[in-house]
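Enquirer: Before anything else, here's the structure in question.
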Amino acid sequence: MISLDGVLQAPGGPEEDASGGFKHGGWTAPYGDEVYGKAVEEELKPADYLLGRKTFEIWVDYWPEHADFWPGINDGTKYVLSKTMEKSDWKNSVFLESLTDIEKLKNSKGSDI
């Protein structure tokens, strides 16, 4: 979910990511019934994903054990931009080191990330 001013956050609770003093966690909850159902339907389709390190760290602790809710999450390729991580046991995880790597990926043939 993303707000018009660019705040991007999953539909978790207020404690989901309070890093950097962020105090507005859970802001998507009031829009759940109206918008979230349609967004989830689209998000659950198999795909490849471009993630930052922090998002990957949250996902890797959760999604490998909860794929029944998100079919295909373990099969899609997870491209992770990180200067500190190089590998993961979560299958189909690929680590990118720079924006140049993302540009190469976006210009390559394959699924749209």
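Chains: A, B, ... in order of the structure tokens. Residues: from 1 per chain. Ligands: from 1, in order shown.
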Applying 10 Å and only C-alpha atoms, which residues near Glu15 in chain A remain after dropping the ones on its own chain fewer than 4 positions away? List them as a PyMOL selection string.
Expert: chain A and resi 19+22-26
Enquirer: Output the selection as a tab-separated table (two decimals), in the first residue's frame - C-alpha atoms for each residue.
Expert:
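New file part-v2.tsv:
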chain	number	residue	atom	x	y	z
A	19	SER	CA	12.34	2.32	12.50
A	22	PHE	CA	7.90	6.16	12.02
A	23	LYS	CA	4.68	6.56	14.04
A	24	HIS	CA	2.01	5.83	11.45
A	25	GLY	CA	2.16	2.04	11.19
A	26	GLY	CA	-1.14	0.39	10.36
Enquirer: Let me make sure I understand: among A:Asp17, A:Leu105, A:Pro30, A:Asn74, which one has the smallest atom-to-atom distance to Val60 in chain A if we use only C-alpha atoms?
Expert: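 Comparing A:Asp17, A:Leu105, A:Pro30, A:Asn74 against Val60 in chain A, the winner is A:Asn74.
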Enquirer: How close does each residue of range 46-65 of chain A get to range 86-100 of chain A, giving the shortest atom pair and distance in Å to one decimal for every residue with an atom at most 10 Å away, counting only C-alpha atoms, sorted by chain and residue number, as a Markdown table?
Expert:
| residue | atom | partner | partner_atom | distance |
| --- | --- | --- | --- | --- |
| A:Asp48 | CA | A:Asn92 | CA | 9.4 |
| A:Tyr49 | CA | A:Ser93 | CA | 9.5 |
| A:Leu50 | CA | A:Val94 | CA | 9.6 |
| A:Leu51 | CA | A:Phe95 | CA | 9.5 |
| A:Gly52 | CA | A:Leu96 | CA | 9.6 |
| A:Arg53 | CA | A:Phe95 | CA | 9.2 |
| A:Phe56 | CA | A:Ser93 | CA | 9.4 |
| A:Glu57 | CA | A:Ser88 | CA | 9.9 |
| A:Trp59 | CA | A:Trp90 | CA | 9.9 |
| A:Val60 | CA | A:Trp90 | CA | 6.8 |
| A:Asp61 | CA | A:Trp90 | CA | 9.5 |
| A:Trp63 | CA | A:Trp90 | CA | 9.4 |
| A:Pro64 | CA | A:Trp90 | CA | 7.0 |
Enquirer: Among the residues of range 56-87 of chain A, find those DSSP assigns to strand (DSSP E or B) from the backbone and print them as a list in words.
Expert: Lys78, Tyr79, Val80 and Leu81 of chain A
Enquirer: Could you check the closest approach to Glu42 in chain A for each of A:Thr77, A:Gly13, A:Lys109, A:Trp70 and tell me which residue wins, using only C-alpha atoms?
Expert: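 For Glu42 in chain A, the nearest of the candidates is A:Trp70.
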